[in-house]
$ cat start11.cif   # mmCIF, C-alpha atoms
data_final
loop_
_atom_site.label_atom_id
_atom_site.label_comp_id
_atom_site.auth_asym_id
_atom_site.auth_seq_id
_atom_site.Cartn_x
_atom_site.Cartn_y
_atom_site.Cartn_z
CA MET A 1 9.73 23.53 -19.12
CA ASP A 2 11.27 22.94 -15.69
CA GLN A 3 11.42 19.61 -13.86
CA LYS A 4 8.52 20.47 -11.54
CA LYS A 5 6.21 21.09 -14.50
CA ARG A 6 7.31 17.87 -16.16
CA ILE A 7 6.50 15.92 -13.00
CA LEU A 8 3.07 17.57 -12.87
CA LEU A 9 2.58 16.69 -16.54
CA ALA A 10 3.42 13.05 -15.77
CA GLY A 11 0.88 13.09 -12.92
CA ALA A 12 -1.75 14.55 -15.24
CA ILE A 13 -1.06 11.85 -17.86
CA LEU A 14 -1.51 9.18 -15.17
CA ILE A 15 -4.87 10.65 -14.15
CA VAL A 16 -5.98 10.78 -17.81
CA ILE A 17 -5.02 7.11 -18.25
CA LEU A 18 -7.03 6.19 -15.12
CA GLY A 19 -9.97 8.21 -16.42
CA VAL A 20 -9.91 6.42 -19.78
CA VAL A 21 -9.69 2.97 -18.13
CA LEU A 22 -12.59 3.67 -15.75
CA GLY A 23 -14.61 5.36 -18.51
CA VAL A 24 -14.30 2.37 -20.83
CA ASP A 25 -15.12 0.00 -17.94
CA PHE A 26 -18.22 2.07 -17.14
CA LEU A 27 -19.36 1.96 -20.78
CA GLN A 28 -18.80 -1.81 -20.90
CA ARG A 29 -20.91 -2.24 -17.76
CA GLN A 30 -23.68 -0.11 -19.26
CA GLN A 31 -23.58 -2.17 -22.44
CA ALA A 32 -23.59 -5.45 -20.49
CA ALA A 33 -26.52 -4.26 -18.37
CA ALA A 34 -28.50 -3.37 -21.51
CA GLN A 35 -27.92 -6.78 -23.09
CA ALA A 36 -28.39 -9.01 -20.03
CA PRO A 37 -31.71 -10.21 -18.61
CA THR A 38 -33.27 -7.67 -16.23
CA ASP A 39 -32.51 -9.77 -13.16
CA MET A 40 -28.85 -10.15 -14.05
CA PRO A 41 -26.61 -7.28 -12.86
CA PRO A 42 -23.54 -6.46 -15.01
CA GLY A 43 -20.53 -8.59 -14.15
CA SER A 44 -22.65 -11.34 -12.60
CA ILE A 45 -22.25 -15.01 -13.59
CA PRO A 46 -25.37 -16.79 -14.93
CA ILE A 47 -26.28 -20.35 -13.94
CA TYR A 48 -28.22 -22.52 -16.40
CA VAL A 49 -29.87 -25.84 -15.56
CA ASP A 50 -30.61 -28.08 -18.55
CA GLY A 51 -30.44 -25.07 -20.85
CA GLY A 52 -32.70 -22.80 -18.82
CA PHE A 53 -31.54 -19.67 -17.00
CA VAL A 54 -32.03 -20.16 -13.28
CA ALA A 55 -30.04 -17.48 -11.47
CA SER A 56 -26.95 -15.30 -11.54
CA PHE A 57 -24.65 -14.39 -8.71
CA ILE A 58 -22.74 -11.28 -7.70
CA PRO A 59 -19.98 -10.68 -5.10
CA ASP A 60 -22.44 -9.48 -2.46
CA ASP A 61 -24.17 -12.88 -2.63
CA LEU A 62 -20.90 -14.68 -2.06
CA SER A 63 -20.07 -12.70 1.07
CA GLN A 64 -22.50 -14.92 2.98
CA LEU A 65 -20.54 -18.04 2.00
CA PRO A 66 -17.49 -19.38 3.87
CA THR A 67 -14.19 -18.73 2.09
CA ALA A 68 -11.73 -21.44 1.15
CA SER A 69 -8.10 -21.41 0.07
CA PHE A 70 -5.18 -23.64 -0.88
CA VAL A 71 -1.61 -23.15 -2.03
CA ASP A 72 -1.11 -24.38 -5.59
CA ALA A 73 1.71 -26.84 -6.08
CA GLU A 74 2.85 -25.29 -9.36
CA GLU A 75 3.73 -21.74 -8.29
CA GLY A 76 3.14 -21.79 -4.56
CA LYS A 77 0.49 -19.07 -4.78
CA THR A 78 -2.53 -19.02 -2.51
CA GLN A 79 -5.80 -19.52 -4.39
CA ASP A 80 -8.44 -17.85 -2.31
CA GLY A 81 -12.20 -17.65 -2.82
CA TRP A 82 -15.44 -19.60 -2.61
CA LEU A 83 -16.15 -23.29 -3.23
CA LEU A 84 -18.23 -23.95 -6.34
CA ARG A 85 -20.34 -26.44 -4.33
CA ASP A 86 -21.36 -23.70 -1.88
CA VAL A 87 -22.30 -21.36 -4.74
CA LEU A 88 -24.42 -24.02 -6.46
CA LEU A 89 -26.09 -25.14 -3.24
CA LEU A 90 -26.94 -21.51 -2.45
CA TYR A 91 -28.80 -21.04 -5.74
CA LEU A 92 -29.99 -24.48 -6.72
CA GLY A 93 -30.31 -26.46 -3.50
CA GLU A 94 -29.52 -30.17 -3.30
CA ASP A 95 -32.71 -31.16 -5.13
CA ASN A 96 -31.35 -30.00 -8.49
CA LEU A 97 -28.01 -31.72 -8.07
CA GLN A 98 -27.31 -35.44 -8.24
CA ASP A 99 -24.00 -37.28 -8.13
CA GLY A 100 -24.10 -37.77 -11.90
CA SER A 101 -25.03 -34.19 -12.74
CA GLN A 102 -22.50 -32.56 -15.07
CA VAL A 103 -21.29 -29.12 -14.00
CA THR A 104 -19.67 -27.12 -16.82
CA VAL A 105 -17.87 -23.88 -16.02
CA SER A 106 -16.82 -21.91 -19.09
CA SER A 107 -15.17 -18.75 -20.32
CA SER A 108 -16.23 -17.48 -23.74
CA SER A 109 -13.29 -15.07 -24.04
CA ARG A 110 -10.71 -17.75 -23.26
CA GLU A 111 -12.63 -20.39 -25.20
CA LYS A 112 -12.08 -22.74 -22.27
CA SER A 113 -14.42 -24.86 -20.23
CA LYS A 114 -14.25 -27.62 -17.65
CA THR A 115 -16.88 -30.24 -17.00
CA LEU A 116 -16.95 -32.03 -13.67
CA THR A 117 -19.49 -34.28 -11.99
CA TRP A 118 -21.42 -32.96 -9.00
CA ALA A 119 -19.72 -35.68 -6.93
CA GLU A 120 -16.32 -34.16 -7.76
CA VAL A 121 -17.52 -30.63 -7.12
CA GLU A 122 -19.21 -31.56 -3.84
CA ASN A 123 -16.10 -33.21 -2.40
CA LYS A 124 -14.51 -30.41 -0.36
CA GLU A 125 -11.09 -32.04 -0.55
CA ASN A 126 -11.03 -31.41 -4.32
CA MET A 127 -11.11 -27.66 -3.64
CA VAL A 128 -13.13 -26.91 -6.77
CA MET A 129 -13.47 -23.19 -6.19
CA PHE A 130 -13.48 -19.70 -7.63
CA ASP A 131 -10.43 -17.53 -7.08
CA LEU A 132 -10.84 -13.80 -7.64
CA SER A 133 -8.29 -12.63 -10.23
CA GLY A 134 -6.40 -9.37 -9.97
CA ARG A 135 -8.67 -7.56 -12.39
CA GLY A 136 -11.81 -8.78 -10.67
CA THR A 137 -12.92 -11.76 -12.77
CA LEU A 138 -13.40 -15.31 -11.47
CA LYS A 139 -11.04 -18.21 -12.10
CA LEU A 140 -12.04 -21.86 -11.56
CA VAL A 141 -9.24 -23.70 -9.77
CA SER A 142 -8.92 -27.05 -8.01
CA THR A 143 -6.56 -29.64 -6.60
CA ILE A 144 -8.01 -32.55 -8.59
CA PRO A 145 -5.12 -34.42 -10.25
CA GLY A 146 -5.03 -33.36 -13.89
CA PHE A 147 -6.99 -30.23 -13.07
CA ASP A 148 -4.49 -28.80 -10.63
CA ILE A 149 -2.26 -26.77 -12.99
CA ARG A 150 -2.73 -23.22 -14.24
CA ASP A 151 -3.04 -24.20 -17.90
CA SER A 152 -6.08 -26.32 -17.15
CA TRP A 153 -7.85 -23.77 -14.94
CA VAL A 154 -10.63 -21.65 -16.42
CA GLN A 155 -9.93 -17.92 -16.18
CA ASP A 156 -12.50 -15.17 -16.79
CA VAL A 157 -15.47 -17.44 -16.02
CA ASP A 158 -18.73 -16.13 -17.49
CA LYS A 159 -21.13 -19.10 -17.42
CA ILE A 160 -22.11 -22.16 -15.36
CA GLU A 161 -24.25 -24.93 -16.83
CA ILE A 162 -25.73 -27.93 -15.05
CA THR A 163 -26.86 -30.94 -17.05
CA SER A 164 -28.96 -33.56 -15.31
CA PRO A 165 -28.18 -37.25 -15.99
CA MET B 1 34.13 4.70 -38.35
CA LYS B 2 30.71 5.64 -37.06
CA GLN B 3 30.39 5.01 -33.33
CA ARG B 4 27.55 2.75 -32.33
CA TYR B 5 24.86 4.09 -29.96
CA PHE B 6 25.27 1.19 -27.53
CA SER B 7 28.66 -0.41 -27.05
CA THR B 8 28.94 -4.20 -26.97
CA PHE B 9 29.69 -3.96 -23.25
CA GLN B 10 26.50 -1.97 -22.66
CA LEU B 11 24.43 -4.42 -24.70
CA ILE B 12 25.81 -7.30 -22.65
CA LEU B 13 24.90 -5.45 -19.46
CA LEU B 14 21.37 -4.83 -20.75
CA ALA B 15 21.01 -8.49 -21.70
CA LEU B 16 22.04 -9.44 -18.17
CA PHE B 17 19.45 -7.09 -16.71
CA SER B 18 16.84 -8.69 -19.01
CA ALA B 19 17.77 -12.12 -17.69
CA LEU B 20 17.56 -10.74 -14.16
CA VAL B 21 13.97 -9.58 -14.80
CA ILE B 22 13.04 -13.15 -15.75
CA VAL B 23 14.88 -14.65 -12.78
CA ALA B 24 13.09 -12.21 -10.48
CA LYS B 25 9.75 -13.15 -11.99
CA ILE B 26 10.36 -16.87 -11.52
CA ALA B 27 12.35 -17.02 -8.30
CA LEU B 28 11.29 -14.09 -6.14
CA ARG B 29 7.96 -14.53 -4.42
CA THR B 30 6.01 -12.34 -2.05
CA PRO B 31 3.10 -13.51 0.09
CA LEU B 32 1.01 -10.61 -1.21
CA GLN B 33 -2.18 -11.68 -2.97
CA MET B 34 -2.48 -8.48 -4.97
CA SER B 35 -2.23 -7.98 -8.69
CA GLY B 36 1.04 -6.55 -9.95
CA HIS B 37 3.03 -7.21 -6.79
CA SER B 38 5.94 -8.64 -8.78
CA GLY B 39 6.45 -5.12 -10.14
CA ILE B 40 8.43 -4.32 -6.99
CA PHE B 41 11.26 -6.46 -8.30
CA TRP B 42 11.24 -5.93 -12.03
CA MET B 43 10.72 -2.17 -11.90
CA ALA B 44 13.67 -1.98 -9.51
CA ILE B 45 15.79 -3.85 -12.06
CA ILE B 46 14.68 -1.54 -14.88
CA ILE B 47 15.49 1.53 -12.74
CA VAL B 48 18.99 0.22 -12.01
CA GLY B 49 19.53 -0.80 -15.65
CA ALA B 50 18.52 2.66 -16.88
CA ARG B 51 21.19 4.21 -14.67
CA VAL B 52 23.95 1.68 -15.31
CA VAL B 53 23.49 2.27 -19.07
CA PRO B 54 22.36 5.91 -19.00
CA LYS B 55 21.09 6.19 -22.57
CA LEU B 56 17.59 6.61 -23.92
CA GLY B 57 16.46 3.19 -25.17
CA ALA B 58 18.27 1.18 -22.49
CA SER B 59 15.02 0.38 -20.63
CA SER B 60 13.33 -0.52 -23.91
CA ILE B 61 16.06 -3.01 -24.72
CA ILE B 62 15.71 -4.59 -21.28
CA GLY B 63 11.93 -4.77 -21.73
CA VAL B 64 11.98 -6.19 -25.26
CA THR B 65 14.72 -8.73 -24.50
CA SER B 66 13.06 -9.91 -21.28
CA GLY B 67 9.77 -10.09 -23.20
CA LEU B 68 11.34 -12.40 -25.76
CA LEU B 69 12.84 -14.56 -23.03
CA ALA B 70 9.56 -14.70 -21.09
CA SER B 71 7.59 -15.62 -24.22
CA PHE B 72 9.91 -18.49 -25.09
CA LEU B 73 9.84 -19.70 -21.49
CA GLY B 74 6.04 -19.76 -21.59
CA LEU B 75 5.50 -17.32 -18.73
CA GLY B 76 2.10 -15.72 -18.24
CA ASP B 77 -1.46 -16.95 -18.59
CA PHE B 78 -2.50 -15.09 -21.74
CA GLY B 79 -0.18 -16.42 -24.43
CA ALA B 80 3.18 -15.43 -25.89
CA LEU B 81 2.12 -12.17 -27.58
CA ASN B 82 0.54 -10.84 -24.40
CA THR B 83 3.60 -11.83 -22.38
CA PHE B 84 6.00 -10.23 -24.86
CA LEU B 85 4.06 -6.96 -25.04
CA SER B 86 3.63 -6.82 -21.24
CA TYR B 87 7.37 -6.95 -20.70
CA ALA B 88 8.27 -4.76 -23.68
CA VAL B 89 5.85 -2.01 -22.64
CA VAL B 90 7.44 -1.86 -19.19
CA GLY B 91 10.71 -0.85 -20.86
CA LEU B 92 9.15 1.44 -23.46
CA GLY B 93 7.00 3.19 -20.84
CA SER B 94 10.03 3.72 -18.62
CA ASP B 95 12.00 5.23 -21.49
CA LEU B 96 9.09 7.47 -22.46
CA VAL B 97 8.88 8.92 -18.95
CA LEU B 98 12.64 9.32 -18.71
CA TRP B 99 12.45 11.27 -21.96
CA ILE B 100 9.53 13.42 -20.76
CA LEU B 101 11.22 14.15 -17.42
CA ARG B 102 14.63 14.67 -19.04
CA GLY B 103 16.05 13.13 -15.90
CA ASN B 104 17.77 10.02 -14.68
CA THR B 105 16.83 7.52 -12.03
CA ASP B 106 19.39 8.96 -9.59
CA ASN B 107 16.60 11.29 -8.58
CA LEU B 108 14.14 9.59 -6.18
CA VAL B 109 11.06 11.33 -7.61
CA VAL B 110 12.06 10.45 -11.17
CA ALA B 111 12.75 6.83 -10.16
CA ILE B 112 9.31 6.52 -8.55
CA ILE B 113 7.52 8.09 -11.53
CA VAL B 114 9.40 5.86 -13.96
CA GLY B 115 8.46 2.85 -11.79
CA ILE B 116 4.81 3.86 -11.85
CA PHE B 117 4.59 4.49 -15.60
CA GLY B 118 6.53 1.41 -16.59
CA HIS B 119 4.30 -0.76 -14.44
CA VAL B 120 1.06 0.95 -15.49
CA GLY B 121 2.11 0.20 -19.08
CA LYS B 122 1.97 -3.50 -18.22
CA PHE B 123 -1.48 -3.03 -16.69
CA LEU B 124 -2.67 -1.29 -19.86
CA VAL B 125 -1.47 -4.15 -22.07
CA LYS B 126 -3.35 -6.71 -19.97
CA TRP B 127 -6.45 -4.50 -19.88
CA LEU B 128 -6.42 -3.89 -23.64
CA PHE B 129 -5.96 -7.58 -24.35
CA GLY B 130 -8.96 -8.26 -22.12
CA ILE B 131 -11.05 -5.84 -24.18
CA ILE B 132 -9.81 -7.20 -27.52
CA THR B 133 -10.45 -10.82 -26.54
CA GLY B 134 -13.87 -9.94 -25.11
CA ALA B 135 -13.06 -10.86 -21.53
CA PRO B 136 -16.04 -10.41 -19.20
CA ILE B 137 -16.29 -7.20 -17.24
CA GLY B 138 -15.07 -7.47 -13.69
CA PHE B 139 -17.14 -9.62 -11.38
CA VAL B 140 -16.27 -7.11 -8.67
CA ALA B 141 -17.35 -3.51 -9.36
CA LEU B 142 -14.35 -1.16 -9.21
CA GLY B 143 -12.06 -4.20 -9.35
CA LEU B 144 -10.29 -2.47 -12.21
CA LEU B 145 -9.66 0.64 -10.10
CA ARG B 146 -8.21 -1.53 -7.35
CA ALA B 147 -5.97 -3.32 -9.85
CA PHE B 148 -4.83 0.02 -11.35
CA LEU B 149 -3.97 1.45 -7.93
CA SER B 150 -2.18 -1.78 -7.06
CA TYR B 151 -0.01 -1.43 -10.17
CA VAL B 152 0.70 2.22 -9.33
CA ILE B 153 1.69 1.40 -5.74
CA PHE B 154 3.91 -1.58 -6.62
CA GLY B 155 5.46 0.36 -9.51
CA ALA B 156 6.28 3.21 -7.11
CA LEU B 157 7.73 0.73 -4.59
CA GLY B 158 9.81 -0.78 -7.39
CA GLY B 159 11.08 2.70 -8.24
CA LEU B 160 11.99 3.27 -4.60
CA LEU B 161 13.74 -0.10 -4.34
CA GLY B 162 15.65 0.61 -7.56
CA TRP B 163 16.72 4.03 -6.27
CA LEU B 164 17.90 2.52 -2.96
CA THR B 165 19.85 -0.10 -4.91
CA LEU B 166 21.50 2.65 -6.98
CA LYS B 167 22.50 4.50 -3.82
CA ALA B 168 24.01 1.30 -2.42
CA LEU B 169 25.91 0.73 -5.67
CA GLN B 170 27.19 4.30 -5.61
CA ARG B 171 28.39 3.92 -2.02
CA ALA B 172 30.13 0.69 -2.96
CA GLY B 173 32.00 2.51 -5.75
CA PHE B 174 30.32 0.56 -8.57
CA PHE B 175 29.92 3.55 -10.89
CA ALA B 176 33.54 4.67 -10.37
CA TYR B 177 34.61 1.12 -11.27
CA MET B 178 32.38 1.16 -14.37
CA ALA B 179 33.83 4.51 -15.46
CA GLU B 180 37.32 2.98 -15.34
CA LYS B 181 36.15 0.00 -17.41
CA ARG B 182 34.82 2.28 -20.11
#
$ encode --input "start11.cif" --output "C-alpha cells"
Amino acid sequence: MDQKKRILLAGAILIVILGVVLGVDFLQRQQAAAQAPTDMPPGSIPIYVDGGFVASFIPDDLSQLPTASFVDAEEGKTQDGWLLRDVLLLYLGEDNLQDGSQVTVSSSSREKSKTLTWAEVENKENMVMFDLSGRGTLKLVSTIPGFDIRDSWVQDVDKIEITSP
Amino acid sequence: MKQRYFSTFQLILLALFSALVIVAKIALRTPLQMSGHSGIFWMAIIIVGARVVPKLGASSIIGVTSGLLASFLGLGDFGALNTFLSYAVVGLGSDLVLWILRGNTDNLVVAIIVGIFGHVGKFLVKWLFGIITGAPIGFVALGLLRAFLSYVIFGALGGLLGWLTLKALQRAGFFAYMAEKR
C-alpha cells in the first residue's frame, strides 16, 4: 500500500470515529427523550421547587439572558456563561424565591452538589453562574470564597432544586 | 549482549519530553476558550519527540510517562485514572498512526495526521469516561461535534507547530549534533 492510500485510510478511520461518536450521542439523546417528561427536551436541566418539577431550560432559552464572565484566580481561565440568578428569575420569578431559600445545584454523574442561599445566588458580585464546558454540559462556578476553586465547582450539572425556608 | 531497543540516552530524552508536556500544560496558556486548545503545545512536543527518537514506541513512552506525572501532580478535573489515560492515549494514538503511515514526522502531512489522531485519542478517552460515569448528554445539541472538530483542528495545528520546530532544529544542525553523540 502506498503512502497516499495510507493517508486516505487514516482519513477514513477519522470519519468512522466521528460517526461512532455522533451515533452514540444520538442514541443517548433518543433514550433521554424517551425517559424524560414530555415537556423536557433531551439535554435540558430540570428545576424542582420543594420537590415538584416546575420547568426545564435549554440553550435557546438562555440566549435571551445577558451573559456574564470572570477570570478564575486559580488557572486564569475565563469562565463565561449565564448567572444562575437570571436563570431562576426567568423560570420562577421573584415570588418563589426568598433570601433564605436554599438553591441546590447537583450533578448525578459527578456525585457533587452545592447548596447556596438565594441571597448568595442573587448577589451579582458572587458570580454564581453556569459556564458551558467544552463538551457542551454546564458547570456551576463562582467567586464566593471557598467556592472559587475548580475542585469545589459542580461540573456536568443535571438538576436544580429550590427549597423554601 | 543483546542490544536494548531504547538506549539510556534515548530514554532520558523521552523522559525530558514527557516533563515538557507537563510544563506546557501548566505554564503555556492561550486566550482561546475552546476545548482541546492545549493540544497545540503537547502534540507539537510529541511530534518533535517522535523524530528525535525515531523508533516505534517513543511517543507511547512520552504519553505514558507524562500521564504518570500529570496524575501525581493532580492535573485534570476527572481524577487520576482519566488524566493518566488521556495523556497515555495521546502517545499510543500517535504511535499507531506512525505505524499505519509507515512514515516519520519529517513529512508535514504525516505530522498533521499524527497530531490529529493523537489528540482525538484524548477526546475519545474523555468521551468514553463521560459515558461510563453516566455524565449527562450535552446541554448544547451538537456540542460534541464542535468539541470533536476543535480537537481535530488543534491536533492538526500541534502537528504543524511540531513540524515547523523540527525544520528549525534541522536548520540549526541539531540532528547532525545528535548523530555525533550517538
$ atom_distance --input "start11.cif" --atom1 "atom CA of Leu69 of chain B" --atom2 "atom CA of Ala24 of chain B"
12.8 Å
$ residues_near_point --input "start11.cif" --point "(-19.0, -32.6, -5.6)" --cutoff "10 Å" --atoms "all atoms listed in the file" --output "list in words"
Leu84, Arg85, Asp86, Leu97, Gln98, Asp99, Gly100, Ser101, Val103, Leu116, Thr117, Trp118, Ala119, Glu120, Val121, Glu122, Asn123, Lys124, Glu125, Asn126, Met127 and Val128 of chain A
$ closest_residue --input "start11.cif" --among "B:Leu166, B:Val89, B:Ile22, B:Val53" --to "Asn107 of chain B" --atoms "all atoms listed in the file"
B:Leu166
$ closest_residue --input "start11.cif" --among "A:Thr115, A:Ser63, A:Leu18, A:Gly43" --to "Gln30 of chain A" --atoms "all atoms listed in the file"
A:Gly43
$ closest_atom_pairs --input "start11.cif" --of "chain A" --to "chain B" --cutoff "9 Å" --atoms "all atoms listed in the file" --output "CSV"
residue,atom,partner,partner_atom,distance
A:Asp2,CA,B:Leu101,CA,9.0
A:Gln3,CA,B:Leu101,CA,6.5
A:Arg6,CA,B:Leu101,CA,5.5
A:Ile7,CA,B:Leu101,CA,6.7
A:Leu9,CA,B:Ile100,CA,8.8
A:Ala10,CA,B:Val97,CA,7.5
A:Gly11,CA,B:Ile113,CA,8.4
A:Leu14,CA,B:Phe117,CA,7.7
A:Ile17,CA,B:Leu124,CA,8.9
A:Leu18,CA,B:Phe148,CA,7.6
A:Val21,CA,B:Leu144,CA,8.1
A:Leu22,CA,B:Leu145,CA,7.0
A:Asp25,CA,B:Ile137,CA,7.3
A:Gln28,CA,B:Ile137,CA,7.0
A:Arg29,CA,B:Ile137,CA,6.8
A:Ala32,CA,B:Ile137,CA,8.2
A:Pro42,CA,B:Ile137,CA,7.6
A:Gly43,CA,B:Phe139,CA,4.5
A:Ser44,CA,B:Phe139,CA,5.9
A:Ile45,CA,B:Phe139,CA,7.7
A:Ile58,CA,B:Phe139,CA,6.9
A:Pro59,CA,B:Val140,CA,6.3
A:Glu75,CA,B:Ile26,CA,8.8
A:Gly76,CA,B:Arg29,CA,8.7
A:Lys77,CA,B:Pro31,CA,7.8
A:Thr78,CA,B:Gln33,CA,7.4
A:Gln79,CA,B:Gln33,CA,8.8
A:Asp80,CA,B:Gln33,CA,8.8
A:Ser107,CA,B:Ala135,CA,8.3
A:Ser108,CA,B:Ala135,CA,7.7
A:Ser109,CA,B:Ala135,CA,4.9
A:Arg110,CA,B:Ala135,CA,7.5
A:Leu132,CA,B:Phe139,CA,8.4
A:Ser133,CA,B:Ser35,CA,7.8
A:Gly134,CA,B:Ser35,CA,4.6
A:Arg135,CA,B:Leu144,CA,5.3
A:Gly136,CA,B:Gly138,CA,4.6
A:Thr137,CA,B:Gly138,CA,4.9
A:Leu138,CA,B:Phe139,CA,6.8
A:Arg150,CA,B:Asp77,CA,7.7
A:Asp151,CA,B:Asp77,CA,7.5
A:Gln155,CA,B:Asp77,CA,8.9
A:Asp156,CA,B:Pro136,CA,6.4
A:Val157,CA,B:Pro136,CA,7.7
A:Asp158,CA,B:Pro136,CA,6.5
$ atom_distance --input "start11.cif" --atom1 "atom CA of Leu83 of chain A" --atom2 "atom CA of Phe57 of chain A"
13.5 Å
